[in-house]
Amino acid sequence: MEKLFRHDIDDLGAFYHFSDEELKVLDNVDKAVEELSVSEMECYLDHKVNVEGPRIAKKYGLQRIPIKKEYGGLGMAPLVSALAKMRCGQIGLGFSSYLNVQLFLTELTLQRWGSDEQKSKYLKPAVNGDSILAFGLTEPEVGSNPASMKTTFESKGGKYVINGSKYLITNGQRADHAIVFAREKGNTEPNGGITAFLVDTKSAGFSVALELREKIGLFTSDTAMLEFKDLEVSEEDIIGPKGKGLPVAYSALLNGRVGIASGCVGIIEGCMSAVIERAKERVQFGKPIGKHQLIQKHIAEIRQNLEMARWPTYVAAMKKAEYEKDPSNKQLLEETDLRASLAKKIASRLAFDSADHAVQIFGGFGYSLLSPVGRLFCDSRVTRIYEGSDEIQELKIASIMLGKGFEAFE
């Protein structure tokens, strides 16, 4: 563990005492990532989804980490989840993306908003590793403004009938169930009665319209476009209050942003480890390249980025822990939202910058998916877009600082 995230644990020692149980969980994360690393590289080069991820996550109990023990989870604090995601991010964001959706966007959403029956039927199997979940919010023409989604539902014969599509959905092809957001057909309210539904992917009317292979990175991650054609769901499949789906979505995204920030810190750590090894071993002009001043400048930049990305992410995770104890506290929600946006914005930008420095240090070999930094570079770019782009995070941060009446968007 020392070479991987021991420094995170040591630096946090003055602020957070890790129990033996928490350290054991982090040790299992380390083992899982070590076991997965070779297949991740091989699948990345072949541009195919790594089907080993869910199996290894189940083997080491990673899908249990943030969930309460009463639902079969381990009840770990958000900071432990963040450290786990940091370790996963060191080998790229394919496996990390699977976990982000499985844990932060869906399991935690079900734990917060699901009924007792839904938690028994959907949450517990997911926590046990027997069910894969997806999160259907983004659409082909709708990203940053979910209130303008085109997917609709209407009441027919005691059922709700969903029609529409969702785009860039992680776990889309292999999910057993998905949380899908749709607006009420004919509803003229600003948010159109948007509602969250639990959908069984084996239902008639559900289909995977497209497997998205033509990505810049994330080749080991299952990404798909989903279509719903007269898909029937029942009243029992609604998550949270009917017509109040946006608060459900936003709470999930808050969880996800802390997860993404953590994965980005992992990217920087992965770059740091790779360039130190490269700088010591590769010889140019008669000496290791690590002795050249301009190479040292790149390494110093990566180390600075790591320091600047880690602490906002730690703070966001700890603030999230406070909020989870008092979820009705609106001021605490705003503070947590601010910290999550700061962490996501800072860490994603610095991860991309660090990967760029790392590719430069590696030279020609760095401009290849055969190199670890080449893969990290490709994966890092999307972090500045999904679950709230750089621009959206900046608007959120500024509007929170300015206060009520200065929101750039509703």
# chains A, B, ... in the order shown; residues from 1 in each chain; ligands from 1

call {"tool": "closest_atom_pairs", "arguments": {"of": "segment 84-118 of chain A", "to": "segment 380-385 of chain A", "cutoff": "10 Å", "atoms": "only C-alpha atoms", "output": "CSV"}}
result
residue,atom,partner,partner_atom,distance
A:Gly89,CA,A:Ser380,CA,9.8
A:Gly92,CA,A:Ser380,CA,8.2
A:Leu93,CA,A:Ser380,CA,7.7

call {"tool": "closest_atom_pairs", "arguments": {"of": "segment 173-280 of chain A", "to": "segment 308-330 of chain A", "cutoff": "7 Å", "atoms": "only C-alpha atoms", "output": "tab-separated table"}}
result
residue	atom	partner	partner_atom	distance
A:Val258	CA	A:Ala317	CA	6.6
A:Ala261	CA	A:Thr313	CA	6.2
A:Ser262	CA	A:Thr313	CA	6.4
A:Val265	CA	A:Arg310	CA	6.1

call {"tool": "write_last_selection", "arguments": {"atoms": "N, CA and C atoms", "output": "mmCIF file, in the first residue's frame"}}
result
data_model
loop_
_atom_site.group_PDB
_atom_site.id
_atom_site.type_symbol
_atom_site.label_atom_id
_atom_site.label_comp_id
_atom_site.auth_asym_id
_atom_site.auth_seq_id
_atom_site.Cartn_x
_atom_site.Cartn_y
_atom_site.Cartn_z
ATOM 1 N N VAL A 258 -17.692 14.041 -6.518
ATOM 2 C CA VAL A 258 -16.627 13.702 -5.566
ATOM 3 C C VAL A 258 -15.888 12.457 -6.058
ATOM 4 N N ALA A 261 -13.627 13.496 -9.033
ATOM 5 C CA ALA A 261 -12.455 14.206 -8.525
ATOM 6 C C ALA A 261 -11.433 13.220 -7.952
ATOM 7 N N SER A 262 -11.921 12.222 -7.239
ATOM 8 C CA SER A 262 -11.029 11.223 -6.645
ATOM 9 C C SER A 262 -10.313 10.422 -7.724
ATOM 10 N N VAL A 265 -7.517 12.485 -9.137
ATOM 11 C CA VAL A 265 -6.324 12.469 -8.279
ATOM 12 C C VAL A 265 -5.531 11.191 -8.553
#

call {"tool": "closest_residue", "arguments": {"among": "A:Gly286, A:Gly245, A:Pro78, A:Pro140", "to": "Lys166 of chain A", "atoms": "only C-alpha atoms"}}
result
A:Pro140

call {"tool": "closest_residue", "arguments": {"among": "A:Ile238, A:Leu74, A:Leu212, A:Ile91", "to": "Ser371 of chain A", "atoms": "only C-alpha atoms"}}
result
A:Ile91

call {"tool": "residues_around", "arguments": {"residues": "Phe197 of chain A", "least_positions_apart": "3", "cutoff": "10 Å", "atoms": "only C-alpha atoms", "output": "list in words"}}
result
Gly136, Phe153, Tyr160, Ile162, Ala178, Ile179, Val180, Phe181, Ala182, Ile194, Asp200, Val233, Ser234, Glu235, Glu236, Asp237, Ile238, Ile239, Gly240, Lys242 and Gly245 of chain A

call {"tool": "residues_around", "arguments": {"residues": "Leu294 of chain A", "least_positions_apart": "3", "cutoff": "12 Å", "atoms": "only C-alpha atoms", "output": "number ranges by chain"}}
result
A: 279, 289-291, 297-301, 357, 360-361

call {"tool": "write_last_selection", "arguments": {"atoms": "all heavy atoms", "output": "compact mmCIF listing (two decimals), in the first residue's frame"}}
result
# COMPACT_ATOMS: atom_id res chain seq x y z
N ALA A 279 11.98 8.60 -15.83
CA ALA A 279 13.06 9.58 -15.74
C ALA A 279 14.35 8.97 -15.20
O ALA A 279 15.45 9.42 -15.54
CB ALA A 279 12.64 10.74 -14.86
N ILE A 289 17.33 10.84 -18.18
CA ILE A 289 16.62 12.08 -18.52
C ILE A 289 16.18 12.83 -17.27
O ILE A 289 15.92 14.04 -17.32
CB ILE A 289 15.41 11.81 -19.45
CG1 ILE A 289 14.38 10.92 -18.76
CG2 ILE A 289 15.87 11.22 -20.77
CD1 ILE A 289 13.08 10.80 -19.55
N GLY A 290 16.09 12.13 -16.15
CA GLY A 290 15.73 12.79 -14.90
C GLY A 290 16.74 13.81 -14.45
O GLY A 290 16.45 14.64 -13.58
N LYS A 291 17.95 13.78 -15.01
CA LYS A 291 18.98 14.76 -14.66
C LYS A 291 18.89 16.02 -15.51
O LYS A 291 19.61 16.98 -15.25
CB LYS A 291 20.37 14.13 -14.79
CG LYS A 291 20.66 13.07 -13.72
CD LYS A 291 22.11 12.61 -13.76
CE LYS A 291 22.39 11.62 -12.63
NZ LYS A 291 23.82 11.21 -12.60
N LYS A 297 11.43 20.00 -14.50
CA LYS A 297 10.36 21.00 -14.45
C LYS A 297 9.00 20.33 -14.66
O LYS A 297 8.04 20.62 -13.94
CB LYS A 297 10.57 22.07 -15.51
CG LYS A 297 9.53 23.19 -15.48
CD LYS A 297 9.83 24.25 -16.53
CE LYS A 297 8.87 25.44 -16.39
NZ LYS A 297 7.45 25.06 -16.54
N HIS A 298 8.90 19.42 -15.63
CA HIS A 298 7.66 18.69 -15.86
C HIS A 298 7.26 17.88 -14.62
O HIS A 298 6.09 17.86 -14.23
CB HIS A 298 7.81 17.73 -17.05
CG HIS A 298 7.82 18.41 -18.38
ND1 HIS A 298 6.78 19.19 -18.83
CD2 HIS A 298 8.75 18.40 -19.37
CE1 HIS A 298 7.06 19.64 -20.05
NE2 HIS A 298 8.24 19.18 -20.40
N ILE A 299 8.25 17.21 -14.01
CA ILE A 299 7.97 16.39 -12.83
C ILE A 299 7.48 17.26 -11.68
O ILE A 299 6.53 16.91 -10.97
CB ILE A 299 9.22 15.59 -12.42
CG1 ILE A 299 9.54 14.54 -13.49
CG2 ILE A 299 9.02 14.92 -11.06
CD1 ILE A 299 10.84 13.80 -13.27
N ALA A 300 8.11 18.42 -11.51
CA ALA A 300 7.70 19.34 -10.45
C ALA A 300 6.26 19.82 -10.67
O ALA A 300 5.48 19.95 -9.72
CB ALA A 300 8.65 20.52 -10.38
N GLU A 301 5.91 20.07 -11.92
CA GLU A 301 4.55 20.51 -12.24
C GLU A 301 3.53 19.43 -11.87
O GLU A 301 2.46 19.72 -11.31
CB GLU A 301 4.43 20.85 -13.73
CG GLU A 301 5.16 22.10 -14.16
CD GLU A 301 4.48 23.37 -13.71
OE1 GLU A 301 3.31 23.31 -13.30
OE2 GLU A 301 5.13 24.44 -13.74
N HIS A 357 1.87 16.62 -19.29
CA HIS A 357 3.28 16.67 -18.88
C HIS A 357 3.91 15.28 -18.96
O HIS A 357 5.06 15.13 -19.41
CB HIS A 357 3.40 17.19 -17.45
CG HIS A 357 3.24 18.67 -17.31
ND1 HIS A 357 4.11 19.58 -17.85
CD2 HIS A 357 2.28 19.41 -16.68
CE1 HIS A 357 3.73 20.81 -17.56
NE2 HIS A 357 2.62 20.73 -16.85
N GLN A 360 4.77 14.23 -22.42
CA GLN A 360 5.95 14.97 -22.88
C GLN A 360 7.24 14.34 -22.35
O GLN A 360 8.24 14.22 -23.06
CB GLN A 360 5.85 16.43 -22.43
CG GLN A 360 6.71 17.39 -23.23
CD GLN A 360 6.21 17.57 -24.65
OE1 GLN A 360 5.09 17.22 -24.97
NE2 GLN A 360 7.07 18.10 -25.51
N ILE A 361 7.22 13.91 -21.10
CA ILE A 361 8.40 13.26 -20.51
C ILE A 361 8.69 11.94 -21.22
O ILE A 361 9.84 11.60 -21.50
CB ILE A 361 8.19 13.04 -19.00
CG1 ILE A 361 8.16 14.37 -18.26
CG2 ILE A 361 9.28 12.13 -18.43
CD1 ILE A 361 7.78 14.28 -16.80

call {"tool": "select_by_dssp", "arguments": {"residues": "segment 77-143 of chain A", "states": "strand (DSSP E)", "output": "list in words"}}
result
Leu133, Ala134, Phe135 and Gly136 of chain A

call {"tool": "closest_residue", "arguments": {"among": "A:Gly129, A:Leu108, A:Asn191, A:Leu168", "to": "Glu141 of chain A", "atoms": "only C-alpha atoms"}}
result
A:Leu168

call {"tool": "atom_distance", "arguments": {"atom1": "atom CA of Leu133 of chain A", "atom2": "atom CA of Leu333 of chain A"}}
result
25.6 Å

call {"tool": "residues_around", "arguments": {"residues": "Leu105 of chain A", "least_positions_apart": "2", "cutoff": "9 Å", "atoms": "only C-alpha atoms", "output": "list in words"}}
result
Asn100, Val101, Gln102, Leu103, Glu107, Leu108, Thr109, Leu110, Ala134, Phe135, Ala249, Ser251, Ala252, Leu253, Leu254, Asn255 and Gly256 of chain A

call {"tool": "atom_distance", "arguments": {"atom1": "atom CA of Gln393 of chain A", "atom2": "atom CA of Glu184 of chain A"}}
result
27.9 Å

call {"tool": "atom_distance", "arguments": {"atom1": "atom CA of Lys185 of chain A", "atom2": "atom CA of Leu246 of chain A"}}
result
16.0 Å

call {"tool": "closest_residue", "arguments": {"among": "A:Asn145, A:Gln111, A:Gln90, A:Ser399", "to": "Leu376 of chain A", "atoms": "only C-alpha atoms"}}
result
A:Gln90

call {"tool": "residues_around", "arguments": {"residues": "Pro190 of chain A", "least_positions_apart": "5", "cutoff": "12 Å", "atoms": "only C-alpha atoms", "output": "list in words"}}
result
Asn145, Pro146, Ala147, Ser148, Met149, Arg183, Glu184, Gly243, Lys244, Leu246 and Glu410 of chain A

call {"tool": "write_last_selection", "arguments": {"atoms": "N, CA and C atoms", "output": "PDB file, in the first residue's frame"}}
result
ATOM      1  N   ASN A 145     -28.197  20.746 -19.217  1.00  0.00           N
ATOM      2  CA  ASN A 145     -29.503  21.213 -18.746  1.00  0.00           C
ATOM      3  C   ASN A 145     -30.506  20.065 -18.768  1.00  0.00           C
ATOM      4  N   PRO A 146     -30.501  19.213 -17.766  1.00  0.00           N
ATOM      5  CA  PRO A 146     -31.388  18.046 -17.766  1.00  0.00           C
ATOM      6  C   PRO A 146     -32.862  18.399 -17.770  1.00  0.00           C
ATOM      7  N   ALA A 147     -33.199  19.620 -17.361  1.00  0.00           N
ATOM      8  CA  ALA A 147     -34.604  20.013 -17.344  1.00  0.00           C
ATOM      9  C   ALA A 147     -35.209  20.070 -18.740  1.00  0.00           C
ATOM     10  N   SER A 148     -34.348  20.096 -19.769  1.00  0.00           N
ATOM     11  CA  SER A 148     -34.845  20.147 -21.143  1.00  0.00           C
ATOM     12  C   SER A 148     -34.867  18.773 -21.813  1.00  0.00           C
ATOM     13  N   MET A 149     -34.814  17.704 -21.020  1.00  0.00           N
ATOM     14  CA  MET A 149     -34.784  16.361 -21.590  1.00  0.00           C
ATOM     15  C   MET A 149     -36.030  16.084 -22.430  1.00  0.00           C
ATOM     16  N   ARG A 183     -39.613  13.193 -18.450  1.00  0.00           N
ATOM     17  CA  ARG A 183     -40.540  14.268 -18.144  1.00  0.00           C
ATOM     18  C   ARG A 183     -41.951  13.847 -18.516  1.00  0.00           C
ATOM     19  N   GLU A 184     -42.921  14.358 -17.792  1.00  0.00           N
ATOM     20  CA  GLU A 184     -44.310  13.984 -18.024  1.00  0.00           C
ATOM     21  C   GLU A 184     -44.811  14.595 -19.332  1.00  0.00           C
ATOM     22  N   GLY A 243     -42.572  13.605 -10.074  1.00  0.00           N
ATOM     23  CA  GLY A 243     -42.417  15.001 -10.474  1.00  0.00           C
ATOM     24  C   GLY A 243     -41.266  15.720  -9.810  1.00  0.00           C
ATOM     25  N   LYS A 244     -40.545  15.036  -8.934  1.00  0.00           N
ATOM     26  CA  LYS A 244     -39.407  15.635  -8.217  1.00  0.00           C
ATOM     27  C   LYS A 244     -38.107  14.891  -8.560  1.00  0.00           C
ATOM     28  N   LEU A 246     -35.602  15.886 -10.505  1.00  0.00           N
ATOM     29  CA  LEU A 246     -34.362  16.660 -10.584  1.00  0.00           C
ATOM     30  C   LEU A 246     -33.585  16.682  -9.268  1.00  0.00           C
ATOM     31  N   GLU A 410     -31.300  28.207 -13.809  1.00  0.00           N
ATOM     32  CA  GLU A 410     -32.154  27.630 -12.769  1.00  0.00           C
ATOM     33  C   GLU A 410     -31.992  26.123 -12.744  1.00  0.00           C
TER      34      GLU A 410
END

call {"tool": "closest_residue", "arguments": {"among": "A:Arg55, A:Ser273, A:Phe365, A:Glu154", "to": "Gly186 of chain A", "atoms": "only C-alpha atoms"}}
result
A:Glu154
